[in-house]
Structures are given as structure tokens and as C-alpha cells.
Amino acid sequence: DVKVTQSSRYLVKRTGEKVFLECVQDMDHENMFWYRQDPGLGLRLIYFSYDVKMKEKGDIPEGYSVSREKKERFSLILESASTNQTSMYLCASSLELGNTIYFGEGSWLTVV
Amino acid sequence: DAKTTQPPSMDCAEGRAANLPCNHSTISGNEYVYWYRQIHSQGPQYIIHGLKNNETNEMASLIITEDRKSSTLILPHATLRDTAVYYCIVRVARTSGSRLTFGEGTQLTVNP
């Protein structure tokens with residue numbers, strides 16, 4: 001089975017803090033994604049990566065950056081957390097672009 | 001990607017088959033039908049997908065009408081753990097998988 005693991009399920013951070021959300025997949029997938037999910041807004045794509053050290057902006061990249069130094073690991077970085085970044089963050093991966101996307105368990109971030 | 005329409009909620013008795021409908025009347029010839037589910041506070045879980053033939057796996061069956069304008073996800077013997085929001089999505093494979101659009105989905109409640 002595909003396994004996408006997000007390092008933290010629940011986090012509480014203060015406004016202005018730098019936040020790292022880590023994601024690891026064990027299926028040698030080329031592509032990895034970061035989404036956020038908010039009530040009434042559905043899933044929105046933040047960034048995705050189709051190869052090591054490659055990244056592309058999604059629909060809502062402002063206030064976020066990403067890092068992919070190794071194929072299995074994709075990190076989401078909030079440079080200076082703000083309260084409007086309180087959300088559930090979902091990491092996902094797929095073998096090829098357009099293939100089935102598999103999601104992690106999600107990370108609930110609260111910024112106070 | 002084509003728009004889908006699902007009933008907002010459904011109930012099913014434990015042990016009975018759950019049949020979840022989805023309308024996708026504007027589906028294009030190269031768009032697949034995907035089903036995911038999301039249990040509260042967890043990431044979306046892939047269930048099944050198909051193009052025009054009926055599909056079955058260990059979780060569910062997918063029945064697609066001949067004109068491909070609608071489909072039904074069947075959970076043959078629903079259990080309490082199948083209570084979740086079920087999302088029907090149509091999308092083109094072999095193109096960017098980045099913009100996976102989840103609608104409102106169907107809240108399935110399995111009752112003892």
C-alpha cells in the first residue's frame with residue numbers, strides 16, 4: 001500500500017513563527033503535493049513538485065515555500081505564520097502527473 | 001475537469017449495500033471517474049476509478065452508465081467504519097494532476 005506520512009498531526013504555533021510541515025512517501029513517487037482544506041473552500045493546491053529540487057506554484061502559494069531535497073520528502077514552510085493560515089494541511093503523492101493521487105493523514109495547524 | 005453532482009447525504013444500514021450516485025453529464029471522452037472518501041479529521045482516501053468499464057477492487061465497485069453521464073459507487077457490505085464523506089471527481093489522466101477539485105460530496109452514515 002502507498003504510504004504518505006505527515007510528521008505532525010496537530011500543531012499550535014504563534015503568529016510570526018516559522019513553521020515546517022514534513023511529508024514522506026515510501027512508493028518512489030515522482031510527484032508530491034501540498035494542499036490545504038478549509039470548510040466551504042474544499043481542497044486548494046499550494047505547491048507541487050514533479051522531481052527533486054523542482055517545484056511549481058499551485059493556486060495559493062502566497063505565504064508558503066517548499067523544499068524537496070530528496071525524492072521521498074517534501075516540506076512545506078510557512079515563513080511567518082499568520083492566523084489565516086490556520087487550516088488542515090494535506091500532503092499527497094502520485095507516480096506520474098495525472099495518476100491517482102494518494103493523501104497523507106493531514107496536519108491540523110492552529111496559529112494563535 | 002467536468003462538474004459532478006452528488007446527493008448531500010445518505011443513510012445505510014450496517015451490512016447492507018451502500019449505493020452512492022454521481023452525475024457527471026458534461027464528462028469528456030478522456031476523463032476518468034475517481035472516488036475518494038474522507039473520514040472526519042483525516043486525509044482523503046482513494047477508493048477506485050474507471051473510464052467506461054465497470055471496475056471492482058477490494059473496497060468497492062464502480063458502475064458507469066453506457067453514456068458515461070453518471071456512475072454509482074457500491075460498497076457491498078457497509079460497516080460503521082464506512083461512515084464518511086464520499087467524493088466523486090472526474091479528471092483527465094495523463095495531464096497535470098495538480099488541480100484535483102473536490103465538490104461537496106455525499107455524507108454517508110452507516111447505522112447499526
# chains A, B, ... in the order shown; residues from 1 in each chain; ligands from 1
>>> closest_atom_pairs(of="stretch 59-89 of chain B", to="stretch 100-111 of chain B", cutoff="8 Å", atoms="only C-alpha atoms", output="Markdown table")
| residue | atom | partner | partner_atom | distance |
| --- | --- | --- | --- | --- |
| B:Ala78 | CA | B:Val110 | CA | 6.8 |
| B:Thr79 | CA | B:Val110 | CA | 6.5 |
| B:Leu80 | CA | B:Val110 | CA | 5.3 |
| B:Arg81 | CA | B:Val110 | CA | 7.9 |
| B:Asp82 | CA | B:Val110 | CA | 6.7 |
| B:Thr83 | CA | B:Thr109 | CA | 4.8 |
| B:Ala84 | CA | B:Leu108 | CA | 5.5 |
| B:Val85 | CA | B:Gln107 | CA | 4.3 |
| B:Tyr86 | CA | B:Thr106 | CA | 5.1 |
| B:Tyr87 | CA | B:Gly105 | CA | 4.4 |
| B:Cys88 | CA | B:Gly105 | CA | 6.8 |
| B:Ile89 | CA | B:Phe102 | CA | 6.6 |
>>> residues_around(residues="stretch 57-68 of chain B", least_positions_apart="6", cutoff="12 Å", atoms="only C-alpha atoms", output="VMD selection string")
chain B and resid 2 17 to 37 45 to 51 74 to 79 82 88 90
>>> write_last_selection(atoms="N, CA and C atoms", output="short mmCIF file (atom, residue, chain, number, x, y, z; two decimals), in the first residue's frame")
data_model
loop_
_atom_site.label_atom_id
_atom_site.label_comp_id
_atom_site.auth_asym_id
_atom_site.auth_seq_id
_atom_site.Cartn_x
_atom_site.Cartn_y
_atom_site.Cartn_z
N ALA B 2 -14.72 18.11 -15.57
CA ALA B 2 -16.18 18.19 -15.55
C ALA B 2 -16.71 18.34 -14.14
N ALA B 17 -25.83 -3.11 1.28
CA ALA B 17 -25.05 -2.43 0.26
C ALA B 17 -25.36 -0.93 0.28
N ALA B 18 -24.33 -0.14 0.14
CA ALA B 18 -24.50 1.31 0.01
C ALA B 18 -24.23 1.67 -1.44
N ASN B 19 -25.20 2.34 -2.06
CA ASN B 19 -25.09 2.74 -3.46
C ASN B 19 -25.06 4.26 -3.53
N LEU B 20 -23.94 4.79 -3.90
CA LEU B 20 -23.78 6.25 -3.93
C LEU B 20 -23.75 6.73 -5.38
N PRO B 21 -24.73 7.57 -5.75
CA PRO B 21 -24.79 8.02 -7.14
C PRO B 21 -23.99 9.29 -7.38
N CYS B 22 -23.62 9.47 -8.65
CA CYS B 22 -22.93 10.68 -9.06
C CYS B 22 -23.31 11.00 -10.50
N ASN B 23 -23.71 12.23 -10.75
CA ASN B 23 -23.98 12.68 -12.11
C ASN B 23 -22.82 13.51 -12.63
N HIS B 24 -22.41 13.21 -13.84
CA HIS B 24 -21.32 13.96 -14.49
C HIS B 24 -21.68 14.06 -15.97
N SER B 25 -22.76 14.79 -16.24
CA SER B 25 -23.34 14.82 -17.59
C SER B 25 -22.43 15.50 -18.62
N THR B 26 -21.47 16.31 -18.16
CA THR B 26 -20.59 17.01 -19.11
C THR B 26 -19.23 16.33 -19.25
N ILE B 27 -19.14 15.10 -18.84
CA ILE B 27 -17.86 14.39 -18.87
C ILE B 27 -17.36 14.26 -20.31
N SER B 28 -16.06 14.42 -20.47
CA SER B 28 -15.45 14.26 -21.79
C SER B 28 -14.93 12.84 -21.96
N GLY B 29 -14.65 12.51 -23.20
CA GLY B 29 -14.25 11.13 -23.52
C GLY B 29 -12.97 10.68 -22.85
N ASN B 30 -12.09 11.62 -22.51
CA ASN B 30 -10.82 11.25 -21.91
C ASN B 30 -10.78 11.50 -20.40
N GLU B 31 -11.91 11.74 -19.81
CA GLU B 31 -11.97 11.97 -18.36
C GLU B 31 -12.35 10.70 -17.62
N TYR B 32 -11.61 10.44 -16.55
CA TYR B 32 -11.87 9.31 -15.69
C TYR B 32 -12.79 9.74 -14.56
N VAL B 33 -13.50 8.77 -14.00
CA VAL B 33 -14.28 8.98 -12.79
C VAL B 33 -13.50 8.42 -11.61
N TYR B 34 -13.21 9.25 -10.63
CA TYR B 34 -12.50 8.85 -9.42
C TYR B 34 -13.43 8.98 -8.22
N TRP B 35 -13.26 8.08 -7.28
CA TRP B 35 -13.95 8.20 -6.00
C TRP B 35 -12.92 8.20 -4.87
N TYR B 36 -13.13 9.16 -3.97
CA TYR B 36 -12.37 9.24 -2.73
C TYR B 36 -13.37 9.31 -1.58
N ARG B 37 -12.90 9.02 -0.39
CA ARG B 37 -13.71 9.28 0.79
C ARG B 37 -12.84 9.93 1.85
N GLN B 45 -9.09 9.39 1.17
CA GLN B 45 -8.62 8.05 0.86
C GLN B 45 -9.10 7.66 -0.53
N TYR B 46 -8.20 7.25 -1.38
CA TYR B 46 -8.56 6.78 -2.72
C TYR B 46 -9.36 5.49 -2.61
N ILE B 47 -10.44 5.39 -3.40
CA ILE B 47 -11.25 4.16 -3.39
C ILE B 47 -11.10 3.41 -4.71
N ILE B 48 -11.44 4.08 -5.80
CA ILE B 48 -11.50 3.38 -7.08
C ILE B 48 -11.59 4.41 -8.19
N HIS B 49 -11.27 4.03 -9.41
CA HIS B 49 -11.51 4.90 -10.55
C HIS B 49 -11.77 4.06 -11.79
N GLY B 50 -12.38 4.68 -12.81
CA GLY B 50 -12.67 3.98 -14.05
C GLY B 50 -12.91 4.95 -15.19
N LEU B 51 -12.85 4.41 -16.40
CA LEU B 51 -13.07 5.23 -17.58
C LEU B 51 -14.44 4.96 -18.18
N ILE B 74 -20.51 1.40 -5.25
CA ILE B 74 -21.20 0.41 -4.43
C ILE B 74 -20.24 -0.13 -3.37
N LEU B 75 -20.64 0.03 -2.10
CA LEU B 75 -19.95 -0.63 -1.00
C LEU B 75 -20.81 -1.84 -0.67
N PRO B 76 -20.36 -3.04 -0.96
CA PRO B 76 -21.27 -4.20 -0.94
C PRO B 76 -21.82 -4.56 0.44
N HIS B 77 -21.04 -4.38 1.47
CA HIS B 77 -21.49 -4.73 2.83
C HIS B 77 -21.00 -3.62 3.76
N ALA B 78 -21.78 -2.56 3.85
CA ALA B 78 -21.32 -1.39 4.59
C ALA B 78 -21.12 -1.70 6.08
N THR B 79 -20.08 -1.13 6.64
CA THR B 79 -19.82 -1.22 8.07
C THR B 79 -19.84 0.18 8.67
N ASP B 82 -17.42 2.70 7.47
CA ASP B 82 -17.59 3.32 6.14
C ASP B 82 -18.28 4.67 6.23
N CYS B 88 -17.00 12.21 -5.58
CA CYS B 88 -16.90 11.75 -6.96
C CYS B 88 -16.22 12.86 -7.75
N VAL B 90 -14.28 13.86 -11.60
CA VAL B 90 -13.89 13.46 -12.94
C VAL B 90 -12.68 14.30 -13.34
#
>>> residues_around(residues="A:Arg68", least_positions_apart="6", cutoff="8 Å", atoms="only C-alpha atoms", output="ChimeraX atom specification")
/A:49,51-55,74-75
>>> write_last_selection(atoms="C-alpha atoms", output="PDB file, in the first residue's frame")
ATOM      1  CA  SER A  49       6.867  19.104  -7.122  1.00  0.00           C
ATOM      2  CA  ASP A  51      11.075  15.990  -9.325  1.00  0.00           C
ATOM      3  CA  VAL A  52      13.805  16.526  -6.756  1.00  0.00           C
ATOM      4  CA  LYS A  53      14.590  20.227  -6.389  1.00  0.00           C
ATOM      5  CA  MET A  54      11.766  21.095  -8.789  1.00  0.00           C
ATOM      6  CA  LYS A  55       8.638  22.902  -7.655  1.00  0.00           C
ATOM      7  CA  PHE A  74       8.505  17.227   0.553  1.00  0.00           C
ATOM      8  CA  SER A  75       8.439  20.005   3.119  1.00  0.00           C
TER       9      SER A  75
END
>>> interface_residues(of="chain A", to="chain B", cutoff="7 Å", atoms="only C-alpha atoms", output="list in words")
Gly42, Leu43, Leu45, Leu90, Leu97, Gly98, Asn99, Tyr102, Phe103, Gly104, Glu105 and Gly106 of chain A
>>> atom_distance(atom1="atom CA of A:Gly16", atom2="atom CA of A:Tyr47")
21.0 Å
>>> residues_around(residues="A:Thr5", least_positions_apart="2", cutoff="7 Å", atoms="only C-alpha atoms", output="number ranges by chain")
A: 3, 7, 23-25, 104
>>> write_last_selection(atoms="all heavy atoms", output="compact mmCIF listing (two decimals), in the first residue's frame")
# COMPACT_ATOMS: atom_id res chain seq x y z
N LYS A 3 2.08 4.70 1.17
CA LYS A 3 2.09 5.31 2.47
C LYS A 3 2.63 6.73 2.35
O LYS A 3 3.76 6.94 1.90
CB LYS A 3 2.98 4.50 3.41
CG LYS A 3 2.97 4.97 4.84
CD LYS A 3 1.72 4.56 5.58
CE LYS A 3 1.86 4.86 7.07
NZ LYS A 3 0.60 4.60 7.78
N SER A 7 4.46 14.36 9.35
CA SER A 7 5.18 14.22 10.62
C SER A 7 4.35 14.66 11.81
O SER A 7 4.48 14.09 12.89
CB SER A 7 6.48 15.01 10.57
OG SER A 7 6.20 16.37 10.27
N CYS A 23 6.67 15.83 5.07
CA CYS A 23 5.91 14.75 4.44
C CYS A 23 6.87 13.78 3.79
O CYS A 23 7.81 14.20 3.09
CB CYS A 23 4.95 15.33 3.41
SG CYS A 23 4.04 14.09 2.46
N VAL A 24 6.62 12.48 3.99
CA VAL A 24 7.46 11.44 3.40
C VAL A 24 6.55 10.41 2.75
O VAL A 24 5.53 10.02 3.31
CB VAL A 24 8.32 10.76 4.48
CG1 VAL A 24 9.11 9.60 3.89
CG2 VAL A 24 9.25 11.76 5.13
N GLN A 25 6.94 9.97 1.53
CA GLN A 25 6.21 8.89 0.87
C GLN A 25 7.19 7.76 0.56
O GLN A 25 8.36 7.99 0.29
CB GLN A 25 5.50 9.39 -0.39
CG GLN A 25 6.34 10.18 -1.37
CD GLN A 25 7.01 9.36 -2.45
OE1 GLN A 25 6.77 8.16 -2.58
NE2 GLN A 25 7.85 10.01 -3.26
N GLY A 104 -1.86 11.93 2.59
CA GLY A 104 -1.50 11.64 3.97
C GLY A 104 -2.67 11.88 4.90
O GLY A 104 -3.77 12.22 4.48
>>> select_by_dssp(residues="chain B", states="strand (DSSP E or B)", output="number ranges by chain")
B: 5, 9-13, 18-23, 31-38, 45-50, 55-56, 61-64, 70-75, 84-92, 106-111
>>> atom_distance(atom1="atom CA of A:Val19", atom2="atom CA of A:Leu95")
27.5 Å
>>> atom_distance(atom1="atom CA of A:Met88", atom2="atom CA of A:Gln37")
5.4 Å
>>> residues_around(residues="A:Tyr64", least_positions_apart="5", cutoff="9 Å", atoms="only C-alpha atoms", output="mmCIF file with N, CA, C and O atoms, in the first residue's frame")
data_model
loop_
_atom_site.group_PDB
_atom_site.id
_atom_site.type_symbol
_atom_site.label_atom_id
_atom_site.label_comp_id
_atom_site.auth_asym_id
_atom_site.auth_seq_id
_atom_site.Cartn_x
_atom_site.Cartn_y
_atom_site.Cartn_z
ATOM 1 N N ILE A 46 -1.387 24.291 -2.915
ATOM 2 C CA ILE A 46 -0.420 25.311 -2.525
ATOM 3 C C ILE A 46 0.807 25.246 -3.440
ATOM 4 O O ILE A 46 1.179 26.216 -4.098
ATOM 5 N N TYR A 47 1.451 24.101 -3.460
ATOM 6 C CA TYR A 47 2.626 23.866 -4.296
ATOM 7 C C TYR A 47 2.641 22.400 -4.701
ATOM 8 O O TYR A 47 2.064 21.549 -4.020
ATOM 9 N N LEU A 76 6.748 21.649 3.556
ATOM 10 C CA LEU A 76 6.031 22.917 3.402
ATOM 11 C C LEU A 76 6.506 23.858 4.498
ATOM 12 O O LEU A 76 6.562 23.471 5.666
ATOM 13 N N ILE A 77 6.834 25.071 4.121
ATOM 14 C CA ILE A 77 7.373 26.043 5.074
ATOM 15 C C ILE A 77 6.485 27.277 5.090
ATOM 16 O O ILE A 77 6.175 27.849 4.030
ATOM 17 N N LEU A 78 6.078 27.652 6.283
ATOM 18 C CA LEU A 78 5.380 28.915 6.477
ATOM 19 C C LEU A 78 6.415 29.875 7.052
ATOM 20 O O LEU A 78 6.861 29.713 8.185
ATOM 21 N N GLU A 79 6.840 30.824 6.251
ATOM 22 C CA GLU A 79 7.951 31.690 6.639
ATOM 23 C C GLU A 79 7.632 32.517 7.888
ATOM 24 O O GLU A 79 8.479 32.703 8.746
ATOM 25 N N SER A 80 6.413 32.996 7.959
ATOM 26 C CA SER A 80 5.989 33.803 9.107
ATOM 27 C C SER A 80 4.500 33.542 9.287
ATOM 28 O O SER A 80 3.670 34.150 8.614
#
